[in-house]
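This report concerns only the one structure given below.
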Amino acid sequence: MSAEAVSPEGVTPGGVATEFVAAFGHEPVGVWAAPGRVNLIGEHTDYNDGFVLPLALPLRTLVAARPAGGGSAVTSLREAGETVRFDAATVVPGDVPGWAAYVAGVVWAFREAGLPVLDLELLVDGDVPVGAGLSSSAALECAVAVALTELAGPPPGVSRPGRTELARLARRAENDFVGAPTGGMDQMVSLHGEAGRLVFLDTRTDGIEHIAFDLAGHDLDLLVLDTRAPHALVDGQYGARRADCARAAELLGVPALRDATLADVERLDDEGSGAGPDGDRLRRRARHVVTEDARVLGVVGMLKAGNDPRAIGPLLTASHASLRDDFEVTVPHLDVAADAAVAAGAYGARMTGGGFGGCVIALCDRDRTAAVTEAVTEVYAAHGWQPPVAFPAVPSEGARRLT
Ligand code: GLA
């Protein structure tokens, strides 16, 4: 086993294959993997046709798989070895609850798209923490999508779906089978991630550009601090933000907030805008999206021009302030971590992902990473909170077959 093939916490393709044999009594055909992600910048822009700039993590979900007769059986070591069964030919939304809906949803989305499906024996393991906002659900969907497309093959005379098509199918599973109204960022980066590079995605066109992000060459770390904050009210709040953005775009007469200007947005609070008592809130929601798109383009411009990545720090911190004050998706654990990281010498820090808990990222000199982690831990202790879990984010490869 090469060191490269070993995930940081030690989940290996060989180990997953061995567990498959223990669960199903024979060898899998192969092992596939897909990564979780952090988003460098571009938050709550992906459902507004805007820009995002995530990176795939070395943390990933692995699936060992083999075609099966007489129904699908999915066992997850991440769920205490629970096995869930469904029929690939007939499964529909509502049939499969819980974690296995992410698996069955992908099979359903393939079928809905007219792609061949088949029943599988599938064993799931991995080290993307669940519930930390690092897209463990997209990693599971995308690992299943790459496995299924290889095992079921393309329809006669048709080529295999490409990575963007697989990302759309995985998102369809999440939106229409699981019922989570997310944008498409997480699945796109899980499929299009590359070592050493960011994924610059235009969510209107699904156009991708990979941007070099050489942290080691600049003696930098992108530190991830998993706050382990208790998630509260997440589902309803995410949907409420989406609804606010859609309403703001409608009132402004633009297809999506990506098309609005700052001057447009300020009008939302005017009498006669049609927003009524919601004017101030809609103005602030829309202002976050418009300024966040501009920040993404600012970061991309700096990195493409070959600037020292330290230069992007203030844009990261400004993104956090906008998510806190205008979009209102932060919680005290996130604000405290971001502030403490910057006070301890990080060039910039912000929450990453949907918010209401999850992780903060901080850009720091490598020789300050331990001190920044320590500073956040101390402030957390003063609040009586458990310490954050810290690790550096290294841009890594997207979904692929391992064995
Ligand atoms: C969640 C969703 C993404 C995106 C982010 C916020 O992670 O899954 O689609 O909307 O929130 O940027």
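As shown in the structure tokens, the chain order sets the letters A, B, ...; within each chain, residues go from 1, and ligands are also counted from 1 in the order they appear.
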
I'd like a table as JSON lines: residues in chain A with an atom no more than 10 Å from ligand 1, each row giving the shortest atom pair and its distance in Å to one decimal, only C-alpha atoms and all ligand atoms counted, sorted by chain and rising residue number.
{"residue": "A:Arg37", "atom": "CA", "partner": "ligand 1", "partner_atom_place_in_ligand_line": "7 (O)", "distance": 9.2}
{"residue": "A:Val38", "atom": "CA", "partner": "ligand 1", "partner_atom_place_in_ligand_line": "7 (O)", "distance": 8.9}
{"residue": "A:Asn39", "atom": "CA", "partner": "ligand 1", "partner_atom_place_in_ligand_line": "12 (O)", "distance": 7.6}
{"residue": "A:Ile41", "atom": "CA", "partner": "ligand 1", "partner_atom_place_in_ligand_line": "12 (O)", "distance": 8.4}
{"residue": "A:Gly42", "atom": "CA", "partner": "ligand 1", "partner_atom_place_in_ligand_line": "12 (O)", "distance": 6.3}
{"residue": "A:Glu43", "atom": "CA", "partner": "ligand 1", "partner_atom_place_in_ligand_line": "12 (O)", "distance": 3.4}
{"residue": "A:His44", "atom": "CA", "partner": "ligand 1", "partner_atom_place_in_ligand_line": "12 (O)", "distance": 3.6}
{"residue": "A:Thr45", "atom": "CA", "partner": "ligand 1", "partner_atom_place_in_ligand_line": "12 (O)", "distance": 6.0}
{"residue": "A:Asp46", "atom": "CA", "partner": "ligand 1", "partner_atom_place_in_ligand_line": "10 (O)", "distance": 5.5}
{"residue": "A:Tyr47", "atom": "CA", "partner": "ligand 1", "partner_atom_place_in_ligand_line": "10 (O)", "distance": 6.2}
{"residue": "A:Asn48", "atom": "CA", "partner": "ligand 1", "partner_atom_place_in_ligand_line": "10 (O)", "distance": 9.1}
{"residue": "A:Phe51", "atom": "CA", "partner": "ligand 1", "partner_atom_place_in_ligand_line": "12 (O)", "distance": 9.8}
{"residue": "A:Val52", "atom": "CA", "partner": "ligand 1", "partner_atom_place_in_ligand_line": "12 (O)", "distance": 7.8}
{"residue": "A:Leu53", "atom": "CA", "partner": "ligand 1", "partner_atom_place_in_ligand_line": "12 (O)", "distance": 9.9}
{"residue": "A:Pro54", "atom": "CA", "partner": "ligand 1", "partner_atom_place_in_ligand_line": "12 (O)", "distance": 9.5}
{"residue": "A:Gly133", "atom": "CA", "partner": "ligand 1", "partner_atom_place_in_ligand_line": "7 (O)", "distance": 6.5}
{"residue": "A:Leu134", "atom": "CA", "partner": "ligand 1", "partner_atom_place_in_ligand_line": "7 (O)", "distance": 7.6}
{"residue": "A:Ser135", "atom": "CA", "partner": "ligand 1", "partner_atom_place_in_ligand_line": "7 (O)", "distance": 6.5}
{"residue": "A:Ser137", "atom": "CA", "partner": "ligand 1", "partner_atom_place_in_ligand_line": "8 (O)", "distance": 8.9}
{"residue": "A:Ala138", "atom": "CA", "partner": "ligand 1", "partner_atom_place_in_ligand_line": "8 (O)", "distance": 8.1}
{"residue": "A:Arg171", "atom": "CA", "partner": "ligand 1", "partner_atom_place_in_ligand_line": "9 (O)", "distance": 8.9}
{"residue": "A:Glu174", "atom": "CA", "partner": "ligand 1", "partner_atom_place_in_ligand_line": "8 (O)", "distance": 9.0}
{"residue": "A:Asn175", "atom": "CA", "partner": "ligand 1", "partner_atom_place_in_ligand_line": "8 (O)", "distance": 9.8}
{"residue": "A:Ala180", "atom": "CA", "partner": "ligand 1", "partner_atom_place_in_ligand_line": "8 (O)", "distance": 8.3}
{"residue": "A:Pro181", "atom": "CA", "partner": "ligand 1", "partner_atom_place_in_ligand_line": "8 (O)", "distance": 8.0}
{"residue": "A:Thr182", "atom": "CA", "partner": "ligand 1", "partner_atom_place_in_ligand_line": "9 (O)", "distance": 4.3}
{"residue": "A:Gly183", "atom": "CA", "partner": "ligand 1", "partner_atom_place_in_ligand_line": "9 (O)", "distance": 3.4}
{"residue": "A:Gly184", "atom": "CA", "partner": "ligand 1", "partner_atom_place_in_ligand_line": "9 (O)", "distance": 5.0}
{"residue": "A:Met185", "atom": "CA", "partner": "ligand 1", "partner_atom_place_in_ligand_line": "9 (O)", "distance": 5.0}
{"residue": "A:Asp186", "atom": "CA", "partner": "ligand 1", "partner_atom_place_in_ligand_line": "9 (O)", "distance": 5.8}
{"residue": "A:Gln187", "atom": "CA", "partner": "ligand 1", "partner_atom_place_in_ligand_line": "9 (O)", "distance": 8.3}
{"residue": "A:Met188", "atom": "CA", "partner": "ligand 1", "partner_atom_place_in_ligand_line": "9 (O)", "distance": 9.6}
{"residue": "A:Tyr238", "atom": "CA", "partner": "ligand 1", "partner_atom_place_in_ligand_line": "11 (O)", "distance": 7.8}
{"residue": "A:Arg241", "atom": "CA", "partner": "ligand 1", "partner_atom_place_in_ligand_line": "10 (O)", "distance": 9.8}
{"residue": "A:Arg242", "atom": "CA", "partner": "ligand 1", "partner_atom_place_in_ligand_line": "10 (O)", "distance": 8.9}
{"residue": "A:Val329", "atom": "CA", "partner": "ligand 1", "partner_atom_place_in_ligand_line": "6 (C)", "distance": 9.7}
{"residue": "A:Met351", "atom": "CA", "partner": "ligand 1", "partner_atom_place_in_ligand_line": "12 (O)", "distance": 9.9}
{"residue": "A:Thr352", "atom": "CA", "partner": "ligand 1", "partner_atom_place_in_ligand_line": "12 (O)", "distance": 7.4}
{"residue": "A:Gly353", "atom": "CA", "partner": "ligand 1", "partner_atom_place_in_ligand_line": "7 (O)", "distance": 4.4}
{"residue": "A:Gly354", "atom": "CA", "partner": "ligand 1", "partner_atom_place_in_ligand_line": "11 (O)", "distance": 3.3}
{"residue": "A:Gly355", "atom": "CA", "partner": "ligand 1", "partner_atom_place_in_ligand_line": "11 (O)", "distance": 7.2}
{"residue": "A:Gly358", "atom": "CA", "partner": "ligand 1", "partner_atom_place_in_ligand_line": "7 (O)", "distance": 9.9}

Contact residues around range 117-125 of chain A with only C-alpha atoms at 8 Å, ignoring same-chain residues under 5 positions, as number ranges by chain:
A: 11, 16, 19-20, 23-24, 61-78, 87-89, 107, 110-111, 148, 152

Could you write out that same residue set with N, CA, C and O atoms as a CSV table (one decimal), in the first residue's frame?
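Written output follows (selection31.csv):
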chain,number,residue,atom,x,y,z
A,11,VAL,N,-8.0,5.0,7.0
A,11,VAL,CA,-9.0,4.2,6.3
A,11,VAL,C,-8.4,3.9,4.9
A,11,VAL,O,-8.1,4.8,4.1
A,16,VAL,N,-10.9,-1.5,3.6
A,16,VAL,CA,-12.3,-1.5,3.3
A,16,VAL,C,-12.7,-2.8,2.5
A,16,VAL,O,-13.8,-3.4,2.7
A,19,GLU,N,-13.1,-5.5,5.0
A,19,GLU,CA,-14.4,-5.4,5.7
A,19,GLU,C,-15.5,-5.9,4.8
A,19,GLU,O,-16.5,-6.4,5.2
A,20,PHE,N,-15.4,-5.6,3.5
A,20,PHE,CA,-16.4,-6.1,2.5
A,20,PHE,C,-16.5,-7.6,2.5
A,20,PHE,O,-17.6,-8.2,2.6
A,23,ALA,N,-18.3,-8.7,5.5
A,23,ALA,CA,-19.8,-8.5,5.5
A,23,ALA,C,-20.5,-9.3,4.5
A,23,ALA,O,-21.6,-9.8,4.7
A,24,PHE,N,-19.9,-9.6,3.3
A,24,PHE,CA,-20.6,-10.2,2.2
A,24,PHE,C,-20.1,-11.6,1.8
A,24,PHE,O,-20.7,-12.2,0.9
A,61,THR,N,-14.6,9.5,1.7
A,61,THR,CA,-15.4,8.4,1.9
A,61,THR,C,-15.1,7.3,0.9
A,61,THR,O,-14.9,7.6,-0.3
A,62,LEU,N,-14.9,6.1,1.4
A,62,LEU,CA,-14.5,4.9,0.5
A,62,LEU,C,-15.7,4.0,0.4
A,62,LEU,O,-16.4,3.8,1.4
A,63,VAL,N,-15.9,3.5,-0.8
A,63,VAL,CA,-17.0,2.4,-0.9
A,63,VAL,C,-16.3,1.2,-1.7
A,63,VAL,O,-15.7,1.4,-2.7
A,64,ALA,N,-16.5,0.1,-1.1
A,64,ALA,CA,-16.1,-1.2,-1.8
A,64,ALA,C,-17.4,-1.7,-2.4
A,64,ALA,O,-18.5,-1.7,-1.7
A,65,ALA,N,-17.4,-2.2,-3.7
A,65,ALA,CA,-18.7,-2.5,-4.3
A,65,ALA,C,-18.6,-3.7,-5.2
A,65,ALA,O,-17.5,-4.0,-5.7
A,66,ARG,N,-19.7,-4.4,-5.4
A,66,ARG,CA,-19.8,-5.5,-6.3
A,66,ARG,C,-21.3,-5.7,-6.7
A,66,ARG,O,-22.2,-5.5,-5.9
A,67,PRO,N,-21.5,-5.9,-8.0
A,67,PRO,CA,-22.9,-6.2,-8.5
A,67,PRO,C,-23.5,-7.3,-7.7
A,67,PRO,O,-22.8,-8.3,-7.3
A,68,ALA,N,-24.8,-7.2,-7.4
A,68,ALA,CA,-25.5,-8.2,-6.6
A,68,ALA,C,-26.8,-8.6,-7.3
A,68,ALA,O,-27.3,-7.9,-8.1
A,69,GLY,N,-27.2,-9.9,-7.0
A,69,GLY,CA,-28.5,-10.3,-7.5
A,69,GLY,C,-29.5,-10.2,-6.4
A,69,GLY,O,-29.2,-10.3,-5.2
A,70,GLY,N,-30.8,-9.8,-6.8
A,70,GLY,CA,-31.8,-9.8,-5.7
A,70,GLY,C,-31.8,-8.7,-4.7
A,70,GLY,O,-31.9,-9.0,-3.5
A,71,GLY,N,-31.5,-7.5,-5.2
A,71,GLY,CA,-31.6,-6.3,-4.3
A,71,GLY,C,-30.3,-5.8,-3.9
A,71,GLY,O,-29.3,-6.5,-3.8
A,72,SER,N,-30.3,-4.5,-3.5
A,72,SER,CA,-29.0,-3.9,-3.0
A,72,SER,C,-28.9,-4.0,-1.5
A,72,SER,O,-29.9,-3.9,-0.8
A,73,ALA,N,-27.7,-4.2,-1.1
A,73,ALA,CA,-27.4,-4.2,0.4
A,73,ALA,C,-26.3,-3.3,0.7
A,73,ALA,O,-25.2,-3.4,0.1
A,74,VAL,N,-26.5,-2.3,1.5
A,74,VAL,CA,-25.5,-1.3,1.8
A,74,VAL,C,-25.1,-1.3,3.3
A,74,VAL,O,-26.0,-1.1,4.1
A,75,THR,N,-23.9,-1.6,3.6
A,75,THR,CA,-23.4,-1.6,5.0
A,75,THR,C,-22.5,-0.5,5.2
A,75,THR,O,-21.6,-0.2,4.5
A,76,SER,N,-22.7,0.3,6.3
A,76,SER,CA,-21.8,1.4,6.6
A,76,SER,C,-21.1,1.1,8.0
A,76,SER,O,-21.8,1.0,9.0
A,77,LEU,N,-19.8,1.1,7.9
A,77,LEU,CA,-19.0,1.0,9.2
A,77,LEU,C,-19.1,2.3,10.0
A,77,LEU,O,-18.8,2.3,11.1
A,78,ARG,N,-19.5,3.4,9.3
A,78,ARG,CA,-19.6,4.7,9.9
A,78,ARG,C,-20.9,4.7,10.7
A,78,ARG,O,-21.2,5.7,11.5
A,87,ASP,N,-34.2,-1.8,-3.6
A,87,ASP,CA,-34.2,-2.4,-5.0
A,87,ASP,C,-33.9,-1.3,-6.0
A,87,ASP,O,-34.7,-0.4,-6.1
A,88,ALA,N,-32.8,-1.5,-6.7
A,88,ALA,CA,-32.3,-0.4,-7.6
A,88,ALA,C,-33.3,-0.1,-8.7
A,88,ALA,O,-33.4,1.0,-9.1
A,89,ALA,N,-34.1,-1.1,-9.1
A,89,ALA,CA,-35.0,-0.9,-10.2
A,89,ALA,C,-36.3,-0.2,-9.8
A,89,ALA,O,-36.9,0.4,-10.7
A,107,VAL,N,-28.6,6.1,-7.0
A,107,VAL,CA,-29.2,5.1,-7.9
A,107,VAL,C,-30.4,5.6,-8.5
A,107,VAL,O,-30.6,5.4,-9.8
A,110,PHE,N,-29.7,8.2,-11.2
A,110,PHE,CA,-29.2,7.6,-12.5
A,110,PHE,C,-30.4,7.0,-13.3
A,110,PHE,O,-30.5,7.2,-14.5
A,111,ARG,N,-31.3,6.3,-12.6
A,111,ARG,CA,-32.4,5.7,-13.3
A,111,ARG,C,-33.3,6.8,-13.9
A,111,ARG,O,-33.7,6.7,-15.1
A,148,LEU,N,-20.9,3.4,-9.4
A,148,LEU,CA,-22.1,2.9,-10.2
A,148,LEU,C,-21.9,3.1,-11.7
A,148,LEU,O,-22.2,2.3,-12.5
A,152,ALA,N,-22.2,-0.2,-13.8
A,152,ALA,CA,-23.4,-0.4,-14.6
A,152,ALA,C,-23.1,-0.1,-16.0
A,152,ALA,O,-23.9,-0.6,-16.9

Just the strand (DSSP E or B) stuff from range 46-235 of chain A, please, per backbone DSSP, written as a PDB file with N, CA and C atoms, in the first residue's frame.
ATOM      1  N   PHE A  51     -20.344  32.543  -7.722  1.00  0.00           N
ATOM      2  CA  PHE A  51     -19.007  31.945  -7.811  1.00  0.00           C
ATOM      3  C   PHE A  51     -18.610  31.312  -6.474  1.00  0.00           C
ATOM      4  N   VAL A  52     -17.896  30.191  -6.545  1.00  0.00           N
ATOM      5  CA  VAL A  52     -17.362  29.550  -5.335  1.00  0.00           C
ATOM      6  C   VAL A  52     -15.929  29.110  -5.608  1.00  0.00           C
ATOM      7  N   PRO A  54     -13.895  26.325  -3.713  1.00  0.00           N
ATOM      8  CA  PRO A  54     -13.576  25.306  -2.703  1.00  0.00           C
ATOM      9  C   PRO A  54     -12.335  24.483  -3.069  1.00  0.00           C
ATOM     10  N   LEU A  55     -11.929  23.627  -2.140  1.00  0.00           N
ATOM     11  CA  LEU A  55     -10.878  22.644  -2.400  1.00  0.00           C
ATOM     12  C   LEU A  55     -11.304  21.306  -1.811  1.00  0.00           C
ATOM     13  N   ALA A  56     -10.907  20.236  -2.501  1.00  0.00           N
ATOM     14  CA  ALA A  56     -11.186  18.888  -1.997  1.00  0.00           C
ATOM     15  C   ALA A  56     -10.157  18.548  -0.928  1.00  0.00           C
ATOM     16  N   LEU A  57     -10.613  17.890   0.139  1.00  0.00           N
ATOM     17  CA  LEU A  57      -9.746  17.511   1.263  1.00  0.00           C
ATOM     18  C   LEU A  57      -9.158  16.116   1.053  1.00  0.00           C
ATOM     19  N   PRO A  58      -8.078  15.804   1.777  1.00  0.00           N
ATOM     20  CA  PRO A  58      -7.606  14.417   1.767  1.00  0.00           C
ATOM     21  C   PRO A  58      -8.541  13.480   2.533  1.00  0.00           C
ATOM     22  N   LEU A  59      -9.416  14.027   3.369  1.00  0.00           N
ATOM     23  CA  LEU A  59     -10.434  13.212   4.058  1.00  0.00           C
ATOM     24  C   LEU A  59     -11.446  12.735   3.017  1.00  0.00           C
ATOM     25  N   ARG A  60     -11.812  11.469   3.062  1.00  0.00           N
ATOM     26  CA  ARG A  60     -12.667  10.956   1.990  1.00  0.00           C
ATOM     27  C   ARG A  60     -13.540   9.801   2.468  1.00  0.00           C
ATOM     28  N   THR A  61     -14.564   9.529   1.674  1.00  0.00           N
ATOM     29  CA  THR A  61     -15.435   8.374   1.899  1.00  0.00           C
ATOM     30  C   THR A  61     -15.055   7.298   0.904  1.00  0.00           C
ATOM     31  N   LEU A  62     -14.892   6.077   1.382  1.00  0.00           N
ATOM     32  CA  LEU A  62     -14.543   4.947   0.518  1.00  0.00           C
ATOM     33  C   LEU A  62     -15.730   3.997   0.411  1.00  0.00           C
ATOM     34  N   VAL A  63     -15.950   3.471  -0.782  1.00  0.00           N
ATOM     35  CA  VAL A  63     -16.962   2.413  -0.941  1.00  0.00           C
ATOM     36  C   VAL A  63     -16.337   1.239  -1.679  1.00  0.00           C
ATOM     37  N   ALA A  64     -16.498   0.051  -1.116  1.00  0.00           N
ATOM     38  CA  ALA A  64     -16.142  -1.186  -1.823  1.00  0.00           C
ATOM     39  C   ALA A  64     -17.442  -1.725  -2.396  1.00  0.00           C
ATOM     40  N   ALA A  65     -17.421  -2.154  -3.657  1.00  0.00           N
ATOM     41  CA  ALA A  65     -18.690  -2.502  -4.306  1.00  0.00           C
ATOM     42  C   ALA A  65     -18.553  -3.722  -5.206  1.00  0.00           C
ATOM     43  N   ARG A  66     -19.706  -4.359  -5.406  1.00  0.00           N
ATOM     44  CA  ARG A  66     -19.792  -5.516  -6.295  1.00  0.00           C
ATOM     45  C   ARG A  66     -21.255  -5.656  -6.735  1.00  0.00           C
ATOM     46  N   PRO A  67     -21.501  -5.938  -8.022  1.00  0.00           N
ATOM     47  CA  PRO A  67     -22.885  -6.155  -8.452  1.00  0.00           C
ATOM     48  C   PRO A  67     -23.517  -7.308  -7.669  1.00  0.00           C
ATOM     49  N   SER A  72     -30.257  -4.510  -3.511  1.00  0.00           N
ATOM     50  CA  SER A  72     -29.023  -3.863  -3.048  1.00  0.00           C
ATOM     51  C   SER A  72     -28.916  -4.010  -1.541  1.00  0.00           C
ATOM     52  N   ALA A  73     -27.677  -4.165  -1.057  1.00  0.00           N
ATOM     53  CA  ALA A  73     -27.415  -4.211   0.383  1.00  0.00           C
ATOM     54  C   ALA A  73     -26.252  -3.270   0.658  1.00  0.00           C
ATOM     55  N   VAL A  74     -26.478  -2.286   1.521  1.00  0.00           N
ATOM     56  CA  VAL A  74     -25.466  -1.275   1.812  1.00  0.00           C
ATOM     57  C   VAL A  74     -25.142  -1.322   3.296  1.00  0.00           C
ATOM     58  N   THR A  75     -23.868  -1.573   3.599  1.00  0.00           N
ATOM     59  CA  THR A  75     -23.428  -1.640   4.995  1.00  0.00           C
ATOM     60  C   THR A  75     -22.485  -0.479   5.249  1.00  0.00           C
ATOM     61  N   SER A  76     -22.710   0.257   6.331  1.00  0.00           N
ATOM     62  CA  SER A  76     -21.822   1.381   6.645  1.00  0.00           C
ATOM     63  C   SER A  76     -21.124   1.143   7.981  1.00  0.00           C
ATOM     64  N   GLU A  82     -24.505  -0.879  10.322  1.00  0.00           N
ATOM     65  CA  GLU A  82     -25.911  -1.049   9.914  1.00  0.00           C
ATOM     66  C   GLU A  82     -26.001  -1.409   8.422  1.00  0.00           C
ATOM     67  N   THR A  83     -26.904  -2.317   8.082  1.00  0.00           N
ATOM     68  CA  THR A  83     -27.137  -2.679   6.675  1.00  0.00           C
ATOM     69  C   THR A  83     -28.541  -2.249   6.265  1.00  0.00           C
ATOM     70  N   VAL A  84     -28.622  -1.584   5.115  1.00  0.00           N
ATOM     71  CA  VAL A  84     -29.917  -1.123   4.589  1.00  0.00           C
ATOM     72  C   VAL A  84     -30.111  -1.758   3.211  1.00  0.00           C
ATOM     73  N   ARG A  85     -31.329  -2.194   2.915  1.00  0.00           N
ATOM     74  CA  ARG A  85     -31.607  -2.865   1.634  1.00  0.00           C
ATOM     75  C   ARG A  85     -32.632  -2.072   0.826  1.00  0.00           C
ATOM     76  N   PHE A  86     -32.449  -2.077  -0.486  1.00  0.00           N
ATOM     77  CA  PHE A  86     -33.452  -1.488  -1.386  1.00  0.00           C
ATOM     78  C   PHE A  86     -33.285  -2.131  -2.755  1.00  0.00           C
ATOM     79  N   LEU A 120     -26.337  -3.466  -6.018  1.00  0.00           N
ATOM     80  CA  LEU A 120     -24.957  -3.556  -5.552  1.00  0.00           C
ATOM     81  C   LEU A 120     -24.909  -4.068  -4.121  1.00  0.00           C
ATOM     82  N   GLU A 121     -23.841  -4.780  -3.822  1.00  0.00           N
ATOM     83  CA  GLU A 121     -23.404  -4.905  -2.434  1.00  0.00           C
ATOM     84  C   GLU A 121     -22.372  -3.807  -2.244  1.00  0.00           C
ATOM     85  N   LEU A 122     -22.533  -3.066  -1.165  1.00  0.00           N
ATOM     86  CA  LEU A 122     -21.701  -1.875  -0.994  1.00  0.00           C
ATOM     87  C   LEU A 122     -21.286  -1.771   0.465  1.00  0.00           C
ATOM     88  N   LEU A 123     -20.005  -1.548   0.693  1.00  0.00           N
ATOM     89  CA  LEU A 123     -19.535  -1.307   2.055  1.00  0.00           C
ATOM     90  C   LEU A 123     -18.942   0.094   2.133  1.00  0.00           C
ATOM     91  N   VAL A 124     -19.409   0.896   3.091  1.00  0.00           N
ATOM     92  CA  VAL A 124     -19.022   2.302   3.213  1.00  0.00           C
ATOM     93  C   VAL A 124     -18.144   2.486   4.442  1.00  0.00           C
ATOM     94  N   ASP A 125     -17.030   3.213   4.256  1.00  0.00           N
ATOM     95  CA  ASP A 125     -16.229   3.643   5.406  1.00  0.00           C
ATOM     96  C   ASP A 125     -15.587   4.976   5.017  1.00  0.00           C
ATOM     97  N   GLY A 126     -14.870   5.603   5.928  1.00  0.00           N
ATOM     98  CA  GLY A 126     -14.217   6.852   5.570  1.00  0.00           C
ATOM     99  C   GLY A 126     -13.895   7.685   6.777  1.00  0.00           C
ATOM    100  N   GLU A 194      -8.531  18.713  -7.374  1.00  0.00           N
ATOM    101  CA  GLU A 194      -7.185  18.351  -7.863  1.00  0.00           C
ATOM    102  C   GLU A 194      -6.156  18.684  -6.793  1.00  0.00           C
ATOM    103  N   ARG A 197      -4.630  22.392  -6.049  1.00  0.00           N
ATOM    104  CA  ARG A 197      -5.374  23.430  -6.776  1.00  0.00           C
ATOM    105  C   ARG A 197      -6.785  23.625  -6.213  1.00  0.00           C
ATOM    106  N   LEU A 198      -7.232  24.856  -6.297  1.00  0.00           N
ATOM    107  CA  LEU A 198      -8.604  25.206  -5.925  1.00  0.00           C
ATOM    108  C   LEU A 198      -9.514  24.971  -7.123  1.00  0.00           C
ATOM    109  N   VAL A 199     -10.800  24.783  -6.836  1.00  0.00           N
ATOM    110  CA  VAL A 199     -11.779  24.612  -7.909  1.00  0.00           C
ATOM    111  C   VAL A 199     -12.603  25.902  -7.988  1.00  0.00           C
ATOM    112  N   PHE A 200     -12.319  26.702  -8.989  1.00  0.00           N
ATOM    113  CA  PHE A 200     -13.080  27.949  -9.210  1.00  0.00           C
ATOM    114  C   PHE A 200     -14.268  27.588 -10.099  1.00  0.00           C
ATOM    115  N   LEU A 201     -15.462  27.701  -9.509  1.00  0.00           N
ATOM    116  CA  LEU A 201     -16.670  27.228 -10.189  1.00  0.00           C
ATOM    117  C   LEU A 201     -17.631  28.379 -10.404  1.00  0.00           C
ATOM    118  N   ASP A 202     -18.069  28.531 -11.636  1.00  0.00           N
ATOM    119  CA  ASP A 202     -19.172  29.435 -11.966  1.00  0.00           C
ATOM    120  C   ASP A 202     -20.441  28.588 -11.921  1.00  0.00           C
ATOM    121  N   GLY A 207     -19.029  26.013 -15.279  1.00  0.00           N
ATOM    122  CA  GLY A 207     -17.658  26.139 -15.799  1.00  0.00           C
ATOM    123  C   GLY A 207     -16.659  26.062 -14.653  1.00  0.00           C
ATOM    124  N   ILE A 208     -15.564  25.344 -14.897  1.00  0.00           N
ATOM    125  CA  ILE A 208     -14.548  25.087 -13.864  1.00  0.00           C
ATOM    126  C   ILE A 208     -13.202  25.616 -14.324  1.00  0.00           C
ATOM    127  N   GLU A 209     -12.494  26.239 -13.418  1.00  0.00           N
ATOM    128  CA  GLU A 209     -11.089  26.561 -13.668  1.00  0.00           C
ATOM    129  C   GLU A 209     -10.314  26.148 -12.421  1.00  0.00           C
ATOM    130  N   HIS A 210      -9.233  25.413 -12.598  1.00  0.00           N
ATOM    131  CA  HIS A 210      -8.404  25.036 -11.454  1.00  0.00           C
ATOM    132  C   HIS A 210      -7.359  26.121 -11.226  1.00  0.00           C
ATOM    133  N   ILE A 211      -7.235  26.554  -9.962  1.00  0.00           N
ATOM    134  CA  ILE A 211      -6.345  27.669  -9.627  1.00  0.00           C
ATOM    135  C   ILE A 211      -5.262  27.150  -8.677  1.00  0.00           C
ATOM    136  N   ALA A 212      -4.009  27.335  -9.026  1.00  0.00           N
ATOM    137  CA  ALA A 212      -2.909  26.851  -8.169  1.00  0.00           C
ATOM    138  C   ALA A 212      -2.979  27.537  -6.804  1.00  0.00           C
ATOM    139  N   LEU A 220       2.795  28.418   4.297  1.00  0.00           N
ATOM    140  CA  LEU A 220       1.473  28.734   4.845  1.00  0.00           C
ATOM    141  C   LEU A 220       0.706  27.454   5.165  1.00  0.00           C
ATOM    142  N   ASP A 221      -0.223  27.568   6.088  1.00  0.00           N
ATOM    143  CA  ASP A 221      -1.224  26.527   6.326  1.00  0.00           C
ATOM    144  C   ASP A 221      -2.608  27.146   6.152  1.00  0.00           C
ATOM    145  N   LEU A 222      -3.521  26.372   5.572  1.00  0.00           N
ATOM    146  CA  LEU A 222      -4.934  26.711   5.683  1.00  0.00           C
ATOM    147  C   LEU A 222      -5.466  25.810   6.795  1.00  0.00           C
ATOM    148  N   LEU A 223      -5.550  26.401   7.975  1.00  0.00           N
ATOM    149  CA  LEU A 223      -5.912  25.642   9.171  1.00  0.00           C
ATOM    150  C   LEU A 223      -7.435  25.496   9.229  1.00  0.00           C
ATOM    151  N   VAL A 224      -7.904  24.273   9.440  1.00  0.00           N
ATOM    152  CA  VAL A 224      -9.338  24.033   9.636  1.00  0.00           C
ATOM    153  C   VAL A 224      -9.571  23.819  11.132  1.00  0.00           C
ATOM    154  N   LEU A 225     -10.510  24.548  11.681  1.00  0.00           N
ATOM    155  CA  LEU A 225     -10.876  24.398  13.095  1.00  0.00           C
ATOM    156  C   LEU A 225     -12.330  23.945  13.138  1.00  0.00           C
ATOM    157  N   ASP A 226     -12.522  22.672  13.443  1.00  0.00           N
ATOM    158  CA  ASP A 226     -13.883  22.147  13.577  1.00  0.00           C
ATOM    159  C   ASP A 226     -14.374  22.544  14.968  1.00  0.00           C
TER     160      ASP A 226
END

Taking the DSSP assignment computed from this structure's backbone, write out as a ChimeraX atom specification all residues of range 129-280 of chain A that belong to helix (DSSP H, G or I).
/A:136-152,163-178,185-192,216-218,234-252,257-259,262-269,276-280

In terms of the shortest atom-to-atom distance over only C-alpha atoms, which of A:Gly398, A:Ala195, A:Ala170, A:Val336 is closest to Ala382 in chain A?
A:Val336

May I have the residues within 12 Å of range 258-273 of chain A as a ChimeraX atom specification, using only C-alpha atoms and disregarding those fewer than 2 positions away in the same chain?
/A:42,44-52,202-204,244-256,275-294
